[in-house]
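K.L.:
First, the structure itself, so that you have it in front of you.
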Amino acid sequence: RREKPHMAKRLIFVYNADSGLFNTVADIAHKLVSPQTYRCQLCALTHAPFAMRSQWKAFIERLAPTPEFLHRDELAARFPDLPQKPPLVLVEVDEGSIAVCLDAAAIESCSSLDELEHLVSRQCLAPDAGE
């Protein structure tokens with residue numbers, strides 16, 4: 001029987017957007033002008049046009065260890081061999097070793113922040129998530 005690790009697993013949320021000021025401004029404009037065509041459901045659910053939603057902030061503040069947030073370009077630099085495309089929720093099972101716990105299809109199936117939080121709790125925070 002394999003013994004479970006004692007350390008908590010870190011969640012890594014990966015947005016389907018690139019980092020940087022220009023990209024942030026472009027994303028804000030897209031959310032405001034044409035929200036129905038915005039390409040990142042993770043962004044759309046967790047952030048209002050100008051800031052993180054307070055409900056989401058409260059949810060992630062309860063997670064331990066503190067989750068990490070990456071953009072699409074940062075994911076490619078850090079995990080170049082990961083075949084899945086964002087948005088994603090990853091579980092760091094060991095330092096440097098990750099598993100996908102929510103893929104783009106799962107995230108895109110969420111129509112509310114409550115649904116996303118429930119899915120993250122059920123799929124990614126369960127004792128055997130990512131194993």
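Identifiers for the structure tokens are assigned positionally: chains receive A, B, ... in sequence, residues are indexed from 1 per chain, and ligands are indexed from 1 in the order shown.
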Mind listing the strand (DSSP E) residues of range 33-127 of chain A, per DSSP on the backbone, as a list in words?
P.N.:
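For range 33-127 of chain A, the strand (DSSP E) set is Glu68, Phe69, Leu70, His71, Leu88, Val89, Leu90, Val91, Glu92, Val93, Asp94, Ser97, Ile98, Ala99, Val100, Cys101 and Leu102 of chain A.
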K.L.:
Ranking A:Lys57, A:Arg10, A:Leu45, A:Tyr15 by minimum distance to Asp73 in chain A and counting only C-alpha atoms, which one comes first?
P.N.:
A:Tyr15
K.L.:
I want to know what sits within 8 Å of range 104-106 of chain A, based on only C-alpha atoms, with residues of the same chain fewer than 3 positions away left out; could you give that as a list of chain:residue names?
P.N.:
A:Lys85, A:Pro86, A:Pro87, A:Leu88, A:Ser109, A:Cys110
K.L.:
Could you check the closest approach to Leu90 in chain A for each of A:Leu11, A:Leu63, A:Ala44, A:Ala76 and tell me which residue wins, using only C-alpha atoms?
P.N.:
A:Leu11
K.L.:
Which is closer to Leu82 in chain A than all the others in A:Glu115, A:Asp103, A:Phe69, A:Arg62, using only C-alpha atoms?
P.N.:
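For Leu82 in chain A, the nearest of the candidates is A:Asp103.
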